[in-house]
file start.json (JSON, C-alpha atoms and all ligand atoms)
[["chain", "number", "residue", "atom", "x", "y", "z"],
["A", 784, "VAL", "CA", -27.17, -19.13, -17.66],
["A", 785, "THR", "CA", -25.08, -16.06, -18.45],
["A", 786, "SER", "CA", -25.36, -13.15, -16.03],
["A", 787, "PRO", "CA", -26.68, -9.88, -17.45],
["A", 788, "ARG", "CA", -24.38, -7.09, -18.53],
["A", 789, "THR", "CA", -23.90, -4.61, -15.71],
["A", 790, "ALA", "CA", -23.96, -0.83, -16.02],
["A", 791, "LEU", "CA", -23.22, 2.07, -13.71],
["A", 792, "VAL", "CA", -24.80, 5.45, -14.47],
["A", 793, "THR", "CA", -23.70, 8.41, -12.33],
["A", 794, "GLY", "CA", -26.05, 11.15, -11.15],
["A", 795, "ALA", "CA", -28.97, 9.07, -12.29],
["A", 796, "THR", "CA", -31.78, 9.28, -9.74],
["A", 797, "ASP", "CA", -33.38, 11.97, -11.90],
["A", 798, "GLY", "CA", -32.86, 13.88, -15.15],
["A", 799, "ILE", "CA", -31.24, 12.37, -18.23],
["A", 800, "GLY", "CA", -29.38, 9.83, -16.08],
["A", 801, "ILE", "CA", -32.49, 8.02, -14.88],
["A", 802, "SER", "CA", -33.80, 7.87, -18.44],
["A", 803, "ILE", "CA", -30.51, 6.30, -19.55],
["A", 804, "ALA", "CA", -30.67, 3.87, -16.60],
["A", 805, "ARG", "CA", -34.27, 2.81, -17.36],
["A", 806, "ALA", "CA", -33.49, 2.31, -21.03],
["A", 807, "LEU", "CA", -30.55, 0.08, -20.10],
["A", 808, "THR", "CA", -32.70, -2.05, -17.76],
["A", 809, "SER", "CA", -35.29, -2.41, -20.53],
["A", 810, "LYS", "CA", -32.48, -3.94, -22.60],
["A", 811, "GLY", "CA", -31.94, -6.59, -19.91],
["A", 812, "MET", "CA", -29.01, -5.01, -18.11],
["A", 813, "ARG", "CA", -28.41, -4.84, -14.37],
["A", 814, "VAL", "CA", -28.10, -1.12, -13.64],
["A", 815, "PHE", "CA", -26.58, 0.77, -10.71],
["A", 816, "VAL", "CA", -27.39, 4.46, -10.33],
["A", 817, "THR", "CA", -25.85, 7.07, -8.04],
["A", 818, "GLY", "CA", -27.08, 10.22, -6.35],
["A", 819, "ARG", "CA", -26.62, 12.10, -3.09],
["A", 820, "ARG", "CA", -30.15, 11.73, -1.71],
["A", 821, "SER", "CA", -31.37, 8.30, -0.63],
["A", 822, "VAL", "CA", -34.10, 7.08, -2.97],
["A", 823, "ASP", "CA", -35.90, 3.86, -3.75],
["A", 824, "LEU", "CA", -36.06, 3.26, -7.50],
["A", 825, "PRO", "CA", -37.80, 0.03, -8.53],
["A", 826, "GLY", "CA", -35.77, -1.94, -11.04],
["A", 827, "LEU", "CA", -32.58, 0.04, -10.40],
["A", 828, "GLU", "CA", -29.86, -0.53, -7.81],
["A", 829, "PHE", "CA", -29.12, 2.66, -5.93],
["A", 830, "LEU", "CA", -25.74, 3.62, -4.50],
["A", 831, "GLN", "CA", -25.59, 6.77, -2.40],
["A", 832, "VAL", "CA", -22.58, 8.80, -3.48],
["A", 833, "ASP", "CA", -21.60, 12.44, -3.63],
["A", 834, "HIS", "CA", -19.20, 12.44, -6.57],
["A", 835, "SER", "CA", -17.57, 15.73, -5.67],
["A", 836, "THR", "CA", -14.48, 14.26, -4.05],
["A", 837, "VAL", "CA", -11.75, 11.99, -5.34],
["A", 838, "ALA", "CA", -12.10, 9.74, -2.28],
["A", 839, "ALA", "CA", -15.84, 9.24, -2.87],
["A", 840, "ASN", "CA", -15.23, 8.15, -6.46],
["A", 841, "ILE", "CA", -12.56, 5.70, -5.35],
["A", 842, "ALA", "CA", -14.83, 4.32, -2.61],
["A", 843, "LEU", "CA", -17.61, 3.84, -5.17],
["A", 844, "ALA", "CA", -15.27, 2.03, -7.57],
["A", 845, "ARG", "CA", -14.31, -0.38, -4.77],
["A", 846, "LYS", "CA", -17.97, -1.34, -4.24],
["A", 847, "VAL", "CA", -18.39, -2.44, -7.85],
["A", 848, "THR", "CA", -17.35, -6.01, -8.61],
["A", 849, "ARG", "CA", -18.47, -6.37, -12.20],
["A", 850, "LEU", "CA", -18.87, -3.73, -14.89],
["A", 851, "ASP", "CA", -19.52, -3.76, -18.61],
["A", 852, "VAL", "CA", -20.82, -0.23, -19.18],
["A", 853, "LEU", "CA", -19.91, 2.99, -17.37],
["A", 854, "VAL", "CA", -21.95, 6.11, -18.16],
["A", 855, "ASN", "CA", -20.37, 9.21, -16.64],
["A", 856, "ASN", "CA", -23.59, 11.19, -16.80],
["A", 857, "LEU", "CA", -23.24, 13.41, -13.76],
["A", 858, "GLY", "CA", -22.40, 16.95, -14.72],
["A", 859, "GLY", "CA", -23.58, 20.38, -15.55],
["A", 860, "ALA", "CA", -23.80, 22.02, -12.12],
["A", 861, "LEU", "CA", -23.94, 25.63, -13.31],
["A", 862, "SER", "CA", -23.81, 27.94, -10.33],
["A", 863, "ALA", "CA", -23.73, 31.69, -9.95],
["A", 864, "HIS", "CA", -20.82, 31.70, -7.53],
["A", 865, "ARG", "CA", -17.51, 29.92, -7.46],
["A", 866, "SER", "CA", -17.24, 27.14, -4.89],
["A", 867, "GLU", "CA", -14.74, 24.42, -4.13],
["A", 868, "THR", "CA", -15.07, 20.79, -3.15],
["A", 869, "ALA", "CA", -13.48, 19.31, -0.03],
["A", 870, "ASP", "CA", -10.44, 18.63, -2.27],
["A", 871, "SER", "CA", -10.12, 22.38, -2.98],
["A", 872, "ILE", "CA", -11.03, 21.83, -6.63],
["A", 873, "GLU", "CA", -13.51, 24.22, -8.28],
["A", 874, "ASN", "CA", -16.88, 22.45, -8.14],
["A", 875, "THR", "CA", -17.79, 22.39, -11.87],
["A", 876, "ILE", "CA", -14.34, 21.11, -12.83],
["A", 877, "ALA", "CA", -14.50, 18.50, -10.05],
["A", 878, "LEU", "CA", -17.90, 17.12, -11.10],
["A", 879, "ASN", "CA", -17.50, 17.26, -14.88],
["A", 880, "PHE", "CA", -13.83, 16.35, -15.27],
["A", 881, "VAL", "CA", -11.83, 15.15, -12.26],
["A", 882, "GLY", "CA", -14.60, 12.89, -10.87],
["A", 883, "PRO", "CA", -15.22, 11.01, -14.14],
["A", 884, "PHE", "CA", -11.44, 10.62, -14.60],
["A", 885, "VAL", "CA", -10.99, 9.09, -11.14],
["A", 886, "LEU", "CA", -14.03, 6.81, -11.30],
["A", 887, "THR", "CA", -13.21, 5.57, -14.79],
["A", 888, "THR", "CA", -9.54, 4.87, -14.18],
["A", 889, "GLU", "CA", -10.45, 3.04, -10.95],
["A", 890, "VAL", "CA", -13.00, 0.72, -12.64],
["A", 891, "LEU", "CA", -10.96, 0.21, -15.81],
["A", 892, "PRO", "CA", -9.72, -3.27, -14.77],
["A", 893, "LEU", "CA", -13.37, -4.40, -14.47],
["A", 894, "LEU", "CA", -14.24, -2.95, -17.88],
["A", 895, "ARG", "CA", -11.20, -4.66, -19.43],
["A", 896, "HIS", "CA", -12.30, -7.92, -17.83],
["A", 897, "SER", "CA", -15.74, -7.50, -19.44],
["A", 898, "GLY", "CA", -14.31, -8.35, -22.85],
["A", 899, "SER", "CA", -16.53, -5.69, -24.38],
["A", 900, "GLY", "CA", -16.49, -2.70, -22.04],
["A", 901, "ARG", "CA", -17.99, 0.63, -22.95],
["A", 902, "ILE", "CA", -17.40, 4.06, -21.44],
["A", 903, "VAL", "CA", -19.85, 6.81, -22.33],
["A", 904, "ASN", "CA", -18.96, 10.30, -21.16],
["A", 905, "ILE", "CA", -21.79, 12.82, -21.28],
["A", 906, "VAL", "CA", -20.59, 16.21, -22.45],
["A", 907, "SER", "CA", -22.38, 19.21, -23.91],
["A", 908, "SER", "CA", -22.20, 21.41, -26.98],
["A", 909, "ALA", "CA", -21.27, 24.12, -24.46],
["A", 910, "LEU", "CA", -17.70, 22.83, -24.78],
["A", 911, "ARG", "CA", -17.44, 24.83, -28.02],
["A", 912, "MET", "CA", -17.86, 28.04, -26.04],
["A", 913, "TRP", "CA", -14.43, 27.78, -24.41],
["A", 914, "ARG", "CA", -12.23, 29.79, -26.72],
["A", 915, "GLY", "CA", -9.05, 30.09, -24.68],
["A", 916, "ASP", "CA", -6.17, 27.82, -23.82],
["A", 917, "PRO", "CA", -7.68, 24.76, -22.04],
["A", 918, "PHE", "CA", -4.75, 24.70, -19.63],
["A", 919, "LEU", "CA", -5.06, 28.24, -18.31],
["A", 920, "ASP", "CA", -6.95, 29.12, -15.12],
["A", 921, "VAL", "CA", -8.30, 25.57, -14.83],
["A", 922, "LEU", "CA", -9.73, 26.20, -11.36],
["A", 923, "ALA", "CA", -11.28, 29.54, -12.38],
["A", 924, "THR", "CA", -9.49, 31.48, -9.68],
["A", 925, "GLU", "CA", -8.79, 34.46, -11.95],
["A", 926, "GLN", "CA", -12.18, 34.67, -13.58],
["A", 927, "PHE", "CA", -15.47, 32.90, -12.82],
["A", 928, "VAL", "CA", -18.11, 33.14, -15.54],
["A", 929, "PRO", "CA", -20.57, 30.26, -14.90],
["A", 930, "LEU", "CA", -21.22, 29.16, -18.47],
["A", 931, "GLN", "CA", -17.55, 29.56, -19.41],
["A", 932, "VAL", "CA", -16.47, 27.35, -16.52],
["A", 933, "LEU", "CA", -18.96, 24.68, -17.61],
["A", 934, "ALA", "CA", -17.67, 24.97, -21.19],
["A", 935, "HIS", "CA", -14.11, 24.61, -19.90],
["A", 936, "ALA", "CA", -15.00, 21.56, -17.79],
["A", 937, "LYS", "CA", -16.78, 19.82, -20.68],
["A", 938, "LEU", "CA", -13.88, 20.61, -23.03],
["A", 939, "LEU", "CA", -11.41, 19.06, -20.58],
["A", 940, "ASN", "CA", -13.66, 16.03, -20.12],
["A", 941, "THR", "CA", -13.80, 15.56, -23.90],
["A", 942, "LEU", "CA", -10.03, 15.95, -24.31],
["A", 943, "TRP", "CA", -9.42, 13.43, -21.56],
["A", 944, "THR", "CA", -11.95, 10.98, -23.07],
["A", 945, "LEU", "CA", -9.98, 11.02, -26.32],
["A", 946, "ALA", "CA", -6.69, 10.42, -24.48],
["A", 947, "LEU", "CA", -8.39, 7.45, -22.83],
["A", 948, "ALA", "CA", -9.73, 6.12, -26.14],
["A", 949, "ARG", "CA", -6.20, 6.13, -27.61],
["A", 950, "ARG", "CA", -4.89, 4.20, -24.61],
["A", 951, "LEU", "CA", -7.75, 1.68, -24.96],
["A", 952, "GLU", "CA", -7.20, 0.98, -28.66],
["A", 953, "GLY", "CA", -7.29, -2.81, -29.15],
["A", 954, "SER", "CA", -8.17, -3.52, -25.49],
["A", 955, "GLY", "CA", -11.80, -4.51, -26.02],
["A", 956, "VAL", "CA", -12.96, -1.37, -24.18],
["A", 957, "VAL", "CA", -14.19, 1.71, -26.04],
["A", 958, "ALA", "CA", -14.66, 5.28, -24.81],
["A", 959, "ASN", "CA", -16.72, 8.00, -26.44],
["A", 960, "ALA", "CA", -18.18, 11.39, -25.57],
["A", 961, "VAL", "CA", -21.70, 12.49, -26.45],
["A", 962, "ASN", "CA", -23.87, 15.58, -26.15],
["A", 963, "PRO", "CA", -27.34, 14.36, -25.12],
["A", 964, "GLY", "CA", -28.99, 17.61, -26.21],
["A", 965, "MET", "CA", -31.46, 19.70, -24.29],
["A", 966, "ALA", "CA", -33.79, 18.16, -21.70],
["A", 967, "TRP", "CA", -36.07, 19.44, -18.94],
["A", 968, "THR", "CA", -34.32, 18.15, -15.82],
["A", 969, "PRO", "CA", -33.52, 19.38, -12.28],
["A", 970, "GLY", "CA", -30.36, 20.91, -13.74],
["A", 971, "THR", "CA", -32.26, 22.78, -16.45],
["A", 972, "ARG", "CA", -35.03, 23.85, -14.06],
["A", 973, "ALA", "CA", -32.38, 25.46, -11.83],
["A", 974, "LEU", "CA", -31.09, 27.74, -14.62],
["A", 975, "THR", "CA", -31.71, 31.47, -14.31],
["A", 976, "PRO", "CA", -31.23, 34.33, -16.80],
["A", 977, "GLU", "CA", -28.25, 35.44, -14.69],
["A", 978, "LEU", "CA", -26.52, 32.11, -15.26],
["A", 979, "VAL", "CA", -27.00, 32.27, -19.04],
["A", 980, "PRO", "CA", -26.90, 35.99, -19.91],
["A", 981, "ALA", "CA", -26.98, 35.30, -23.66],
["A", 982, "TRP", "CA", -30.54, 34.00, -23.24],
["A", 983, "ARG", "CA", -31.72, 36.84, -21.00],
["A", 984, "TRP", "CA", -33.85, 38.61, -23.66],
["A", 985, "ILE", "CA", -35.39, 35.46, -25.06],
["A", 986, "TRP", "CA", -35.82, 33.73, -21.69],
["A", 987, "PRO", "CA", -39.55, 32.83, -22.02],
["A", 988, "ILE", "CA", -38.91, 31.32, -25.45],
["A", 989, "VAL", "CA", -35.89, 29.34, -24.21],
["A", 990, "ARG", "CA", -37.96, 28.00, -21.29],
["A", 991, "TRP", "CA", -40.82, 27.08, -23.64],
["A", 992, "PHE", "CA", -38.45, 24.90, -25.69],
["A", 993, "GLN", "CA", -36.65, 23.48, -22.65],
["A", 994, "LYS", "CA", -39.90, 22.36, -21.00],
["A", 995, "ARG", "CA", -40.77, 20.36, -24.10],
["A", 996, "ALA", "CA", -37.38, 18.64, -24.37],
["A", 997, "SER", "CA", -37.70, 15.17, -22.88],
["A", 998, "ALA", "CA", -35.02, 13.36, -20.92],
["A", 999, "GLU", "CA", -36.08, 10.10, -22.65],
["A", 1000, "LYS", "CA", -35.08, 11.58, -26.00],
["A", 1001, "ALA", "CA", -31.83, 12.96, -24.58],
["A", 1002, "ALA", "CA", -31.02, 9.45, -23.33],
["A", 1003, "GLN", "CA", -31.15, 7.95, -26.81],
["A", 1004, "ALA", "CA", -27.65, 8.78, -28.07],
["A", 1005, "PRO", "CA", -25.94, 7.73, -24.81],
["A", 1006, "VAL", "CA", -27.96, 4.48, -24.81],
["A", 1007, "PHE", "CA", -26.93, 3.85, -28.42],
["A", 1008, "LEU", "CA", -23.25, 4.16, -27.46],
["A", 1009, "ALA", "CA", -23.81, 1.97, -24.39],
["A", 1010, "THR", "CA", -25.67, -0.87, -26.07],
["A", 1011, "ALA", "CA", -25.94, -0.84, -29.87],
["A", 1012, "PRO", "CA", -24.02, -3.66, -31.60],
["A", 1013, "GLU", "CA", -22.90, -1.17, -34.26],
["A", 1014, "ALA", "CA", -21.35, 1.02, -31.52],
["A", 1015, "ALA", "CA", -19.20, -1.82, -30.13],
["A", 1016, "ALA", "CA", -16.23, -0.83, -32.29],
["A", 1017, "MET", "CA", -16.76, 2.93, -32.07],
["A", 1018, "ASN", "CA", -13.95, 4.50, -30.07],
["A", 1019, "GLY", "CA", -12.72, 8.04, -29.54],
["A", 1020, "ARG", "CA", -15.77, 9.72, -31.05],
["A", 1021, "VAL", "CA", -17.42, 12.95, -29.98],
["A", 1022, "LEU", "CA", -21.05, 12.77, -31.02],
["A", 1023, "GLU", "CA", -24.05, 15.06, -31.13],
["A", 1024, "SER", "CA", -27.44, 13.81, -29.98],
["A", 1025, "ASN", "CA", -28.26, 12.92, -33.60],
["A", 1026, "LEU", "CA", -25.18, 10.63, -33.61],
["A", 1027, "LYS", "CA", -23.30, 12.84, -36.06],
["A", 1028, "SER", "CA", -19.77, 13.94, -35.15],
["A", 1029, "MET", "CA", -19.72, 17.15, -33.16],
["A", 1030, "ALA", "CA", -17.92, 20.12, -34.71],
["A", 1031, "VAL", "CA", -15.26, 20.57, -32.04],
["A", 1032, "PRO", "CA", -12.52, 23.18, -31.56],
["A", 1033, "PRO", "CA", -9.24, 22.10, -33.26],
["A", 1034, "VAL", "CA", -7.51, 21.54, -29.91],
["A", 1035, "VAL", "CA", -9.79, 18.54, -29.23],
["A", 1036, "ALA", "CA", -8.14, 16.57, -32.05],
["A", 1037, "ASP", "CA", -4.60, 17.32, -30.84],
["A", 1038, "PRO", "CA", -3.08, 14.19, -29.22],
["A", 1039, "ALA", "CA", -0.58, 16.31, -27.27],
["A", 1040, "ALA", "CA", -3.43, 18.35, -25.75],
["A", 1041, "GLN", "CA", -5.33, 15.13, -24.99],
["A", 1042, "ASP", "CA", -2.32, 13.69, -23.17],
["A", 1043, "ARG", "CA", -1.70, 16.92, -21.33],
["A", 1044, "THR", "CA", -5.33, 16.81, -20.13],
["A", 1045, "TRP", "CA", -4.82, 13.29, -18.81],
["A", 1046, "GLU", "CA", -1.76, 14.54, -16.91],
["A", 1047, "LEU", "CA", -3.79, 17.48, -15.61],
["A", 1048, "ALA", "CA", -6.49, 15.14, -14.27],
["A", 1049, "GLU", "CA", -3.82, 13.01, -12.64],
["A", 1050, "ALA", "CA", -2.21, 16.06, -11.06],
["A", 1051, "LEU", "CA", -5.52, 17.43, -9.75],
["A", 1052, "SER", "CA", -6.51, 14.10, -8.21],
["A", 1053, "ARG", "CA", -3.11, 12.89, -7.02],
["A", 1054, "GLY", "CA", -3.00, 14.47, -3.57],
["A", 1055, "HIS", "CA", -6.46, 13.16, -2.70],
["A", 1056, "ARG", "CA", -6.13, 9.48, -3.56],
["B", 1101, "LIG", "N1", -30.29, 18.85, -19.41],
["B", 1101, "LIG", "C1", -29.78, 19.38, -20.50],
["B", 1101, "LIG", "O1", -30.42, 20.17, -21.20],
["B", 1101, "LIG", "C2", -28.37, 18.99, -20.91],
["B", 1101, "LIG", "C3", -27.86, 19.48, -22.13],
["B", 1101, "LIG", "C4", -26.57, 19.12, -22.51],
["B", 1101, "LIG", "C5", -25.80, 18.30, -21.70],
["B", 1101, "LIG", "N2", -26.33, 17.84, -20.52],
["B", 1101, "LIG", "C6", -25.49, 16.97, -19.66],
["B", 1101, "LIG", "O2", -26.21, 15.78, -19.37],
["B", 1101, "LIG", "C7", -25.87, 15.30, -18.06],
["B", 1101, "LIG", "C8", -27.14, 15.12, -17.23],
["B", 1101, "LIG", "O3", -27.79, 16.37, -17.20],
["B", 1101, "LIG", "P1", -29.12, 16.60, -16.34],
["B", 1101, "LIG", "O4", -29.65, 17.92, -16.77],
["B", 1101, "LIG", "O5", -29.96, 15.38, -16.34],
["B", 1101, "LIG", "O6", -28.46, 16.77, -14.87],
["B", 1101, "LIG", "P2", -29.20, 17.08, -13.46],
["B", 1101, "LIG", "O7", -30.63, 17.37, -13.68],
["B", 1101, "LIG", "O8", -28.39, 18.12, -12.76],
["B", 1101, "LIG", "O9", -28.97, 15.67, -12.73],
["B", 1101, "LIG", "C9", -29.61, 15.42, -11.55],
["B", 1101, "LIG", "C10", -29.11, 14.08, -11.02],
["B", 1101, "LIG", "O10", -27.72, 14.20, -10.60],
["B", 1101, "LIG", "C11", -27.62, 13.83, -9.23],
["B", 1101, "LIG", "N3", -26.51, 14.58, -8.63],
["B", 1101, "LIG", "C12", -26.31, 15.92, -8.64],
["B", 1101, "LIG", "N4", -25.16, 16.24, -8.00],
["B", 1101, "LIG", "C13", -24.62, 15.08, -7.57],
["B", 1101, "LIG", "C14", -23.43, 14.74, -6.85],
["B", 1101, "LIG", "N5", -22.59, 15.66, -6.42],
["B", 1101, "LIG", "N6", -23.18, 13.42, -6.62],
["B", 1101, "LIG", "C15", -24.04, 12.47, -7.03],
["B", 1101, "LIG", "N7", -25.17, 12.72, -7.71],
["B", 1101, "LIG", "C16", -25.46, 14.02, -7.98],
["B", 1101, "LIG", "C17", -28.99, 14.16, -8.66],
["B", 1101, "LIG", "O11", -29.28, 13.47, -7.49],
["B", 1101, "LIG", "P3", -29.06, 14.14, -6.02],
["B", 1101, "LIG", "O12", -29.57, 15.52, -6.12],
["B", 1101, "LIG", "O13", -29.78, 13.26, -5.08],
["B", 1101, "LIG", "O14", -27.59, 14.10, -5.81],
["B", 1101, "LIG", "C18", -29.89, 13.68, -9.78],
["B", 1101, "LIG", "O15", -30.00, 12.27, -9.80],
["B", 1101, "LIG", "C19", -24.89, 16.33, -17.49],
["B", 1101, "LIG", "O16", -23.57, 15.89, -17.70],
["B", 1101, "LIG", "C20", -25.19, 17.57, -18.29],
["B", 1101, "LIG", "O17", -24.08, 18.48, -18.36],
["B", 1101, "LIG", "C21", -27.59, 18.17, -20.11]]

call {"tool": "encode", "arguments": {"input": "start.json", "output": "structure tokens", "more": "lines below"}}
Ligand SMILES: NC(=O)c1ccc[n+]([C@@H]2O[C@H](COP(=O)([O-])OP(=O)(O)OC[C@H]3O[C@@H](n4cnc5c(N)ncnc54)[C@H](OP(=O)(O)O)[C@@H]3O)[C@@H](O)[C@H]2O)c1
result
Amino acid sequence: VTSPRTALVTGATDGIGISIARALTSKGMRVFVTGRRSVDLPGLEFLQVDHSTVAANIALARKVTRLDVLVNNLGGALSAHRSETADSIENTIALNFVGPFVLTTEVLPLLRHSGSGRIVNIVSSALRMWRGDPFLDVLATEQFVPLQVLAHAKLLNTLWTLALARRLEGSGVVANAVNPGMAWTPGTRALTPELVPAWRWIWPIVRWFQKRASAEKAAQAPVFLATAPEAAAMNGRVLESNLKSMAVPPVVADPAAQDRTWELAEALSRGHR
């Protein structure tokens, strides 16, 4: 009897993450999900983790003994005011970029051992909104505009994912980034017109569409990357929810920028390991 493939989905006690997790169990996988609040989720194995610190991501990685699929789903975290984690890293950057980097690099030996490991990093089309140099004001100490900081964090996460994919070439592990698209989740429910000023005048219309966007549908593209046989050889792709390639800023395709982002993640996490 072969044991089932094992997956870990972060920030997955609710929202898009739990939809991804449930879809993976329905495909016969053993699935671990993480969240801060203790919950009992039938069919899923819950690990209580607050991903905001480097140490917590390392501790989580040490609890896992087998892994075939890692879905770095946790993210978003738009907030009106700048805050820092216990590692003194700006919160949005910590959750969307540094955390996934630490967790992934820590579990990489397990994914390599899998023989067919898959890493799926959940990003957002918001990454296209960051127009500046990705390496300036990374911790948003000079300027904090909520949506811009999220865009910056998702851009860095995408750049780092592509650096990872290049390092994994030929290893039997693949890494891709995907925008799940809009879904009505705790993260979406917490949005306010102040957080997304561009939507201020069309707020009721935006909310009407958001409320109808299901997390099950948003889970589909990530689940495709995590399980589909035809995705087994896909590596270093940045996909939209319809599985087409995302139109990304030119910097995303620059290997030097990708490598510099890897070094940035290493530098931000180094003192806290
Ligand atoms: N929803 C959308 O419209 C949309 C669109 C594009 C991209 N995305 C991306 O898709 C991903 C999922 O989005 P979502 O809207 O489903 O997110 P969400 O609603 O904010 O996710 C909630 C889940 O994350 C957990 N969580 C939050 N902070 C955590 C922390 N510090 N440590 C551990 N778990 C934590 C929550 O559990 P606890 O509260 O118990 O911790 C809960 O299980 C994100 O990367 C987001 O950027 C979403």

call {"tool": "residues_near_ligand", "arguments": {"input": "start.json", "ligand": "ligand LIG 1101 (chain B)", "cutoff": "6 Å", "atoms": "all atoms listed in the file", "output": "NGL selection string"}}
result
:A and (794-800 or 817-820 or 832-835 or 856-859 or 905-907 or 962-971)

call {"tool": "closest_residue", "arguments": {"input": "start.json", "among": "A:Val822, A:Ala790, A:Ala1009, A:Val885", "to": "Thr836 of chain A", "atoms": "only C-alpha atoms"}}
result
A:Val885

call {"tool": "atom_distance", "arguments": {"input": "start.json", "atom1": "atom CA of Pro976 of chain A", "atom2": "atom CA of Asn940 of chain A"}}
result
25.6 Å

call {"tool": "residues_around", "arguments": {"input": "start.json", "residues": "Phe918 of chain A", "least_positions_apart": "4", "cutoff": "12 Å", "atoms": "all atoms listed in the file", "output": "PyMOL selection string"}}
result
chain A and resi 913-914+922-923+935-936+938-939+942+1034+1040-1048

call {"tool": "closest_residue", "arguments": {"input": "start.json", "among": "A:Glu1049, A:Glu999, A:Glu828, A:Asp851", "to": "Gly898 of chain A", "atoms": "all atoms listed in the file"}}
result
A:Asp851

call {"tool": "residues_near_point", "arguments": {"input": "start.json", "point": "(-16.0, 26.3, -23.6)", "cutoff": "9 Å", "atoms": "all atoms listed in the file", "output": "ChimeraX atom specification"}}
result
/A:908-915,917,930-938

call {"tool": "atom_distance", "arguments": {"input": "start.json", "atom1": "atom CA of Gly811 of chain A", "atom2": "atom CA of Ala1011 of chain A"}}
result
13.0 Å

call {"tool": "closest_residue", "arguments": {"input": "start.json", "among": "A:Ala1004, A:Leu919, A:Ala860, A:Val837", "to": "Val903 of chain A", "atoms": "all atoms listed in the file"}}
result
A:Ala1004

call {"tool": "build_atoms", "arguments": {"input": "start.json", "residues": "segment 951-962 of chain A", "atoms": "N, CA, C and O atoms", "output": "mmCIF file, in the coordinates of the input"}}
result
data_model
loop_
_atom_site.group_PDB
_atom_site.id
_atom_site.type_symbol
_atom_site.label_atom_id
_atom_site.label_comp_id
_atom_site.auth_asym_id
_atom_site.auth_seq_id
_atom_site.Cartn_x
_atom_site.Cartn_y
_atom_site.Cartn_z
ATOM 1 N N LEU A 951 -6.933 2.903 -24.969
ATOM 2 C CA LEU A 951 -7.750 1.680 -24.960
ATOM 3 C C LEU A 951 -7.752 0.949 -26.301
ATOM 4 O O LEU A 951 -8.298 -0.155 -26.394
ATOM 5 N N GLU A 952 -7.179 1.563 -27.317
ATOM 6 C CA GLU A 952 -7.200 0.980 -28.660
ATOM 7 C C GLU A 952 -6.780 -0.498 -28.601
ATOM 8 O O GLU A 952 -5.720 -0.823 -28.044
ATOM 9 N N GLY A 953 -7.626 -1.381 -29.113
ATOM 10 C CA GLY A 953 -7.290 -2.810 -29.150
ATOM 11 C C GLY A 953 -7.504 -3.559 -27.844
ATOM 12 O O GLY A 953 -7.204 -4.747 -27.752
ATOM 13 N N SER A 954 -8.034 -2.885 -26.819
ATOM 14 C CA SER A 954 -8.170 -3.520 -25.490
ATOM 15 C C SER A 954 -9.515 -4.212 -25.298
ATOM 16 O O SER A 954 -9.722 -4.885 -24.296
ATOM 17 N N GLY A 955 -10.455 -3.974 -26.218
ATOM 18 C CA GLY A 955 -11.800 -4.510 -26.020
ATOM 19 C C GLY A 955 -12.690 -3.552 -25.243
ATOM 20 O O GLY A 955 -13.861 -3.835 -25.005
ATOM 21 N N VAL A 956 -12.151 -2.411 -24.840
ATOM 22 C CA VAL A 956 -12.960 -1.370 -24.180
ATOM 23 C C VAL A 956 -12.955 -0.142 -25.095
ATOM 24 O O VAL A 956 -11.917 0.204 -25.658
ATOM 25 N N VAL A 957 -14.118 0.483 -25.233
ATOM 26 C CA VAL A 957 -14.190 1.710 -26.040
ATOM 27 C C VAL A 957 -14.655 2.867 -25.163
ATOM 28 O O VAL A 957 -15.340 2.667 -24.155
ATOM 29 N N ALA A 958 -14.265 4.074 -25.551
ATOM 30 C CA ALA A 958 -14.660 5.280 -24.810
ATOM 31 C C ALA A 958 -15.053 6.370 -25.793
ATOM 32 O O ALA A 958 -14.303 6.673 -26.733
ATOM 33 N N ASN A 959 -16.222 6.939 -25.561
ATOM 34 C CA ASN A 959 -16.720 8.000 -26.440
ATOM 35 C C ASN A 959 -17.375 9.097 -25.606
ATOM 36 O O ASN A 959 -17.770 8.863 -24.461
ATOM 37 N N ALA A 960 -17.493 10.276 -26.222
ATOM 38 C CA ALA A 960 -18.180 11.390 -25.570
ATOM 39 C C ALA A 960 -19.409 11.749 -26.405
ATOM 40 O O ALA A 960 -19.378 11.654 -27.630
ATOM 41 N N VAL A 961 -20.472 12.162 -25.714
ATOM 42 C CA VAL A 961 -21.700 12.490 -26.450
ATOM 43 C C VAL A 961 -22.447 13.641 -25.780
ATOM 44 O O VAL A 961 -22.515 13.726 -24.558
ATOM 45 N N ASN A 962 -22.979 14.516 -26.614
ATOM 46 C CA ASN A 962 -23.870 15.580 -26.150
ATOM 47 C C ASN A 962 -25.292 15.044 -26.222
ATOM 48 O O ASN A 962 -25.772 14.728 -27.308
#
